[in-house]
file coords-v1.txt (compact mmCIF, C-alpha atoms)
# COMPACT_ATOMS: atom_id res chain seq x y z
CA MET A 1 155.80 267.47 284.48
CA THR A 2 157.43 264.23 285.58
CA THR A 3 154.84 262.81 287.94
CA LYS A 4 155.04 259.02 287.92
CA LYS A 5 151.94 256.93 287.95
CA SER A 6 150.93 256.15 291.52
CA ASN A 7 148.14 254.20 293.16
CA LYS A 8 146.55 254.47 296.57
CA LYS A 9 143.77 252.42 298.07
CA LEU A 10 141.38 252.83 301.01
CA VAL A 11 138.85 250.27 302.18
CA VAL A 12 136.12 251.36 304.59
CA LYS A 13 132.95 249.86 305.98
CA SER A 14 129.71 251.29 304.63
CA THR A 15 128.89 253.75 307.41
CA THR A 16 128.29 257.46 307.00
CA GLU A 17 130.78 258.04 309.85
CA ASN A 18 133.50 256.75 307.53
CA LEU A 19 132.77 259.40 304.90
CA SER A 20 135.08 261.84 306.69
CA LEU A 21 137.90 259.28 306.33
CA VAL A 22 137.08 259.03 302.64
CA ARG A 23 137.10 262.81 302.20
CA ASP A 24 140.42 263.14 304.04
CA PHE A 25 141.95 260.34 301.95
CA VAL A 26 140.85 261.94 298.67
CA LYS A 27 141.87 265.42 299.76
CA GLU A 28 145.33 264.33 300.88
CA THR A 29 145.99 262.18 297.80
CA THR A 30 144.80 264.71 295.23
CA SER A 31 146.57 267.60 296.98
CA ALA A 32 149.81 265.61 297.02
CA ALA A 33 149.28 264.94 293.31
CA GLY A 34 149.39 268.68 292.66
CA LEU A 35 145.75 269.22 291.77
CA SER A 36 144.52 272.80 292.20
CA GLU A 37 142.60 273.60 295.38
CA VAL A 38 139.39 273.98 293.37
CA ASP A 39 139.85 270.60 291.68
CA VAL A 40 140.73 268.94 295.00
CA ARG A 41 137.39 270.19 296.36
CA LYS A 42 135.51 269.00 293.28
CA VAL A 43 137.00 265.50 293.36
CA THR A 44 136.47 265.24 297.12
CA LEU A 45 132.79 266.20 296.87
CA ALA A 46 132.22 263.88 293.88
CA VAL A 47 133.74 260.88 295.73
CA ASP A 48 131.77 261.81 298.86
CA GLU A 49 128.54 261.82 296.83
CA ALA A 50 129.42 258.49 295.16
CA CYS A 51 130.12 256.81 298.51
CA THR A 52 126.97 258.33 300.05
CA ASN A 53 124.95 256.85 297.17
CA ILE A 54 126.55 253.44 297.80
CA ILE A 55 125.73 253.59 301.53
CA LYS A 56 122.16 254.76 300.89
CA HIS A 57 121.18 252.77 297.82
CA ALA A 58 123.52 249.78 297.43
CA TYR A 59 123.90 248.86 301.10
CA LYS A 60 120.68 250.56 302.29
CA TYR A 61 122.53 251.86 305.37
CA SER A 62 123.77 248.40 306.39
CA PRO A 63 127.18 249.03 308.05
CA ASN A 64 128.69 245.69 307.06
CA GLY A 65 129.50 246.32 303.42
CA ASN A 66 132.88 247.27 302.03
CA ILE A 67 133.67 250.31 299.94
CA THR A 68 137.03 250.21 298.18
CA ILE A 69 138.48 253.39 296.77
CA HIS A 70 141.47 253.28 294.43
CA ILE A 71 143.05 256.55 293.35
CA THR A 72 145.40 256.51 290.37
CA VAL A 73 147.42 259.58 289.58
CA ASP A 74 149.41 260.21 286.40
CA ASN A 75 150.56 263.19 284.36
CA GLU A 76 147.28 263.44 282.54
CA LYS A 77 144.55 262.78 285.07
CA ILE A 78 143.30 261.66 288.48
CA SER A 79 141.17 258.56 288.34
CA VAL A 80 139.10 257.35 291.30
CA LYS A 81 137.68 253.83 291.11
CA ILE A 82 135.08 252.96 293.75
CA VAL A 83 133.89 249.38 294.17
CA ASP A 84 131.08 248.01 296.32
CA ASP A 85 129.36 244.63 296.54
CA GLY A 86 125.90 245.87 297.43
CA GLY A 87 124.08 244.41 294.43
CA HIS A 88 124.02 245.49 290.83
CA PHE A 89 123.08 249.07 290.14
CA ASN A 90 121.80 250.41 286.85
CA PRO A 91 122.62 254.12 286.61
CA ASN A 92 120.37 254.38 283.57
CA LEU A 93 117.40 253.90 285.88
CA VAL A 94 118.31 257.10 287.73
CA PRO A 95 116.69 259.94 285.82
CA GLU A 96 118.75 263.03 285.07
CA PRO A 97 117.30 265.66 287.41
CA ASP A 98 115.43 268.49 285.79
CA LEU A 99 116.88 271.39 287.76
CA LEU A 100 114.15 273.80 286.76
CA LYS A 101 111.55 271.30 287.92
CA LEU A 102 113.47 270.67 291.16
CA GLN A 103 113.56 274.42 291.78
CA LYS A 104 109.88 274.79 290.99
CA GLU A 105 108.82 271.82 293.08
CA ARG A 106 111.50 272.49 295.68
CA LYS A 107 112.83 268.99 295.72
CA GLY A 108 116.34 268.28 296.94
CA GLY A 109 116.67 264.58 296.23
CA GLY A 110 118.49 263.01 293.32
CA LEU A 111 121.22 265.60 293.18
CA GLY A 112 124.13 263.31 294.10
CA MET A 113 124.70 261.75 290.69
CA PHE A 114 124.02 265.05 288.95
CA LEU A 115 126.72 266.68 291.09
CA MET A 116 129.22 263.90 290.36
CA LYS A 117 128.77 264.44 286.61
CA LYS A 118 129.07 268.21 286.96
CA LEU A 119 132.16 268.03 289.14
CA MET A 120 134.12 265.40 287.19
CA ASP A 121 135.17 265.06 283.54
CA SER A 122 133.74 261.56 283.31
CA VAL A 123 131.68 259.19 285.45
CA THR A 124 131.44 255.55 284.31
CA TYR A 125 129.41 252.82 286.02
CA THR A 126 130.13 249.13 285.43
CA ASN A 127 128.52 246.01 286.88
CA LEU A 128 131.29 243.58 287.84
CA THR A 129 131.06 239.85 288.53
CA GLY A 130 129.25 238.81 291.67
CA ASN A 131 127.18 241.60 293.11
CA ARG A 132 129.89 244.18 292.67
CA ASN A 133 129.51 247.65 291.17
CA GLN A 134 132.27 249.91 290.01
CA VAL A 135 132.16 253.62 289.34
CA VAL A 136 135.19 255.40 287.90
CA LEU A 137 135.44 259.16 288.31
CA VAL A 138 138.03 260.95 286.19
CA LYS A 139 139.36 264.49 286.46
CA PHE A 140 141.86 265.66 283.84
CA ARG A 141 144.57 268.00 284.98
CA SER A 142 143.80 271.54 283.91
CA MET B 143 128.73 268.99 316.35
CA HIS B 144 125.78 271.08 317.42
CA ILE B 145 123.15 273.52 316.29
CA VAL B 146 122.20 276.59 318.33
CA GLU B 147 118.49 277.26 318.22
CA GLU B 148 117.07 280.70 318.86
CA LYS B 149 113.59 282.17 318.60
CA VAL B 150 113.15 285.83 317.74
CA ALA B 151 109.45 286.71 317.80
CA ASP B 152 107.90 284.28 315.31
CA ILE B 153 111.19 283.45 313.60
CA LEU B 154 113.09 280.24 314.27
CA ILE B 155 116.86 280.55 313.83
CA GLU B 156 119.03 277.45 313.49
CA SER B 157 122.74 278.28 313.66
CA VAL B 158 124.72 275.36 312.33
CA LYS B 159 127.97 275.06 314.30
CA PHE B 160 129.91 272.54 312.27
CA ASP B 161 132.22 273.07 309.34
CA ARG B 162 131.10 269.99 307.41
CA ALA B 163 127.39 269.85 306.70
CA THR B 164 126.91 266.29 305.49
CA ILE B 165 124.57 263.33 305.67
CA ASN B 166 125.74 262.78 309.26
CA GLU B 167 124.65 266.21 310.40
CA SER B 168 121.54 266.42 308.24
CA ALA B 169 119.36 264.36 310.61
CA LEU B 170 119.99 266.78 313.49
CA LEU B 171 118.95 269.81 311.45
CA LYS B 172 115.94 267.96 310.05
CA GLU B 173 114.77 267.05 313.58
CA ASN B 174 115.15 270.65 314.79
CA ILE B 175 113.30 272.09 311.82
CA ASN B 176 110.48 269.55 311.98
CA ARG B 177 110.05 270.19 315.71
CA GLY B 178 109.93 273.93 315.01
CA ILE B 179 107.34 273.51 312.26
CA GLU B 180 105.22 271.33 314.56
CA LYS B 181 105.27 274.20 317.05
CA GLY B 182 104.02 276.55 314.35
CA PHE B 183 107.22 278.21 313.17
CA ILE B 184 107.09 278.80 309.42
CA LYS B 185 109.65 281.61 309.26
CA ILE B 186 113.01 279.92 309.50
CA ILE B 187 116.58 281.16 309.16
CA ILE B 188 119.48 278.74 308.81
CA ASP B 189 122.84 280.29 309.64
CA LEU B 190 125.47 278.44 307.64
CA SER B 191 128.35 280.81 308.28
CA ALA B 192 130.37 278.10 310.08
CA CYS B 193 129.98 275.62 307.19
CA GLU B 194 132.94 275.14 304.89
CA TYR B 195 131.47 272.13 303.11
CA MET B 196 128.02 270.80 302.22
CA ASP B 197 126.87 267.62 300.54
CA SER B 198 123.69 267.01 298.57
CA THR B 199 121.93 265.21 301.45
CA PHE B 200 122.26 268.26 303.70
CA LEU B 201 121.15 270.50 300.83
CA GLY B 202 118.15 268.21 300.42
CA VAL B 203 117.09 268.89 304.02
CA LEU B 204 117.14 272.64 303.38
CA VAL B 205 115.09 272.24 300.20
CA SER B 206 112.61 269.93 301.91
CA ALA B 207 112.15 272.42 304.78
CA LEU B 208 111.56 275.23 302.31
CA LYS B 209 108.97 273.16 300.49
CA THR B 210 107.12 272.38 303.74
CA VAL B 211 106.95 275.91 305.12
CA SER B 212 106.30 277.62 301.80
CA ARG B 213 103.09 275.57 301.50
CA GLN B 214 101.99 277.28 304.72
CA GLY B 215 103.02 280.75 303.59
CA GLY B 216 106.42 280.66 305.30
CA ASP B 217 110.00 280.78 304.08
CA VAL B 218 113.47 279.41 304.81
CA LYS B 219 116.21 282.00 304.46
CA LEU B 220 119.92 281.28 304.56
CA VAL B 221 122.78 283.25 306.05
CA GLY B 222 126.53 283.28 305.49
CA PHE B 223 127.68 281.31 302.48
CA LYS B 224 131.34 280.28 302.47
CA PRO B 225 132.80 279.84 298.95
CA GLN B 226 132.43 276.07 298.74
CA VAL B 227 128.84 276.17 299.96
CA HIS B 228 128.12 278.95 297.50
CA ALA B 229 129.62 276.78 294.74
CA MET B 230 127.28 273.92 295.69
CA PHE B 231 124.25 276.20 295.40
CA GLU B 232 125.47 277.53 292.05
CA LEU B 233 126.12 274.06 290.63
CA THR B 234 122.64 272.87 291.59
CA ARG B 235 121.09 276.28 290.81
CA MET B 236 119.45 276.22 294.23
CA PHE B 237 120.56 279.80 294.85
CA ARG B 238 117.53 280.71 292.73
CA VAL B 239 115.23 279.03 295.22
CA PHE B 240 116.58 280.47 298.49
CA GLN B 241 117.04 284.02 299.66
CA VAL B 242 120.56 284.34 301.03
CA TYR B 243 121.80 287.07 303.36
CA SER B 244 125.26 288.04 304.45
CA ASP B 245 124.32 288.35 308.12
CA LEU B 246 121.64 287.41 310.59
CA PRO B 247 120.19 290.91 311.29
CA ASN B 248 119.47 291.41 307.58
CA ALA B 249 117.79 288.02 307.35
CA ILE B 250 115.64 288.75 310.40
CA GLN B 251 114.72 292.18 309.05
CA SER B 252 113.73 290.69 305.69
CA PHE B 253 110.90 288.78 307.34
CA SER B 254 109.41 291.96 308.76
CA LYS B 255 109.67 293.66 305.35
CA ASN B 256 107.67 290.83 303.85
CA ASN B 257 104.80 291.36 306.29
call {"tool": "encode", "arguments": {"input": "coords-v1.txt", "output": "structure tokens"}}
result
Amino acid sequence: MTTKKSNKKLVVKSTTENLSLVRDFVKETTSAAGLSEVDVRKVTLAVDEACTNIIKHAYKYSPNGNITIHITVDNEKISVKIVDDGGHFNPNLVPEPDLLKLQKERKGGGLGMFLMKKLMDSVTYTNLTGNRNQVVLVKFRS
Amino acid sequence: MHIVEEKVADILIESVKFDRATINESALLKENINRGIEKGFIKIIIDLSACEYMDSTFLGVLVSALKTVSRQGGDVKLVGFKPQVHAMFELTRMFRVFQVYSDLPNAIQSFSKNN
């Protein structure tokens, strides 16, 4: 394969209405990069969940924040870097959901981060300078 | 974006008529279900056959509804999984929590079998 490294960026305001723009951007970019249909769906859902978490938890539904999504494509992998400035977030404070317990207690919350980890090959959170957070989602080409 | 609501005897049927079931659509379904429960409906069917895509917030509304009505002896049954929605339920293992039917008549009939 001779795919060259390419980068694409989308910046949206932190509204749930913009999530469809995000999904379309990810779908188009990963499809054009030659990812399988199944992997395109996985990456799209993972990015959707990450941005939903940012809108809900970092910006607390305030529509004035920015969400920046960079997608980098190379021969080996698709990497999606998502940056917000909604205040530092510690992913270690989010407990790993106990699926058996969730089933038993019939709780549906807390599944977003779990899904991101299941759908992607790696999920890495970093606190940047200022109040910025970065999460990088990586999917290796199968 | 809309949901068609139907009542068959004591069963409330919510037919979701959008292909993307996300955080944006979840509030509408939640309102409909809560209104139905307030009116005494605890047998609920959600028809998802138009949905191509579901996020975890929308899934959370389904789980929350099931939790509420099951406390009162009711149930939430689902109809018509498209592949991507099915994949979401498999990933989160929520297919073990819900009864899923291929079509509406079977789902309706299942409530009478339970009585």
call {"tool": "closest_residue", "arguments": {"input": "coords-v1.txt", "among": "A:Lys139, A:His70, A:Lys60, A:Arg23", "to": "chain B", "atoms": "only C-alpha atoms"}}
result
A:Arg23
call {"tool": "atom_distance", "arguments": {"input": "coords-v1.txt", "atom1": "atom CA of Lys5 of chain A", "atom2": "atom CA of Val73 of chain A"}}
result
5.5 Å
call {"tool": "atom_distance", "arguments": {"input": "coords-v1.txt", "atom1": "atom CA of Ser6 of chain A", "atom2": "atom CA of Arg141 of chain A"}}
result
15.0 Å
call {"tool": "closest_residue", "arguments": {"input": "coords-v1.txt", "among": "A:Leu21, A:Met120, A:Ala58, A:Val38", "to": "chain B", "atoms": "all atoms listed in the file"}}
result
A:Val38
call {"tool": "residues_around", "arguments": {"input": "coords-v1.txt", "residues": "Phe160 of chain B", "least_positions_apart": "5", "cutoff": "12 Å", "atoms": "all atoms listed in the file", "output": "mmCIF file with C-alpha atoms, in the frame of the given file"}}
result
data_model
loop_
_atom_site.group_PDB
_atom_site.id
_atom_site.type_symbol
_atom_site.label_atom_id
_atom_site.label_comp_id
_atom_site.auth_asym_id
_atom_site.auth_seq_id
_atom_site.Cartn_x
_atom_site.Cartn_y
_atom_site.Cartn_z
ATOM 1 C CA MET B 143 128.730 268.990 316.350
ATOM 2 C CA HIS B 144 125.780 271.080 317.420
ATOM 3 C CA ILE B 145 123.150 273.520 316.290
ATOM 4 C CA VAL B 146 122.200 276.590 318.330
ATOM 5 C CA ASN B 166 125.740 262.780 309.260
ATOM 6 C CA GLU B 167 124.650 266.210 310.400
ATOM 7 C CA SER B 168 121.540 266.420 308.240
ATOM 8 C CA LEU B 170 119.990 266.780 313.490
ATOM 9 C CA LEU B 171 118.950 269.810 311.450
ATOM 10 C CA ASP B 189 122.840 280.290 309.640
ATOM 11 C CA LEU B 190 125.470 278.440 307.640
ATOM 12 C CA SER B 191 128.350 280.810 308.280
ATOM 13 C CA ALA B 192 130.370 278.100 310.080
ATOM 14 C CA CYS B 193 129.980 275.620 307.190
ATOM 15 C CA GLU B 194 132.940 275.140 304.890
ATOM 16 C CA TYR B 195 131.470 272.130 303.110
ATOM 17 C CA MET B 196 128.020 270.800 302.220
#
call {"tool": "axis_aligned_box", "arguments": {"input": "coords-v1.txt", "around": "segment 191-201 of chain B", "padding_each_side": "6 Å", "output": "JSON"}}
result
{"center_x": 127.0, "center_y": 273.0, "center_z": 304.3, "size_x": 23.8, "size_y": 27.6, "size_z": 23.5}
call {"tool": "residues_around", "arguments": {"input": "coords-v1.txt", "residues": "segment 230-234 of chain B", "least_positions_apart": "2", "cutoff": "9 Å", "atoms": "only C-alpha atoms", "output": "PyMOL selection string"}}
result
(chain A and resi 99+111+114-115+118-119) or (chain B and resi 195-198+201+225-228+236-238)
call {"tool": "atom_distance", "arguments": {"input": "coords-v1.txt", "atom1": "atom CA of Lys255 of chain B", "atom2": "atom CA of Val205 of chain B"}}
result
22.7 Å
call {"tool": "residues_around", "arguments": {"input": "coords-v1.txt", "residues": "Ile155 of chain B", "least_positions_apart": "3", "cutoff": "7 Å", "atoms": "only C-alpha atoms", "output": "PDB file with C-alpha atoms, in the coordinates of the input"}}
result
ATOM      1  CA  GLU B 147     118.490 277.260 318.220  1.00  0.00           C
ATOM      2  CA  GLU B 148     117.070 280.700 318.860  1.00  0.00           C
ATOM      3  CA  LYS B 149     113.590 282.170 318.600  1.00  0.00           C
ATOM      4  CA  ILE B 186     113.010 279.920 309.500  1.00  0.00           C
ATOM      5  CA  ILE B 187     116.580 281.160 309.160  1.00  0.00           C
ATOM      6  CA  ILE B 188     119.480 278.740 308.810  1.00  0.00           C
TER       7      ILE B 188
END
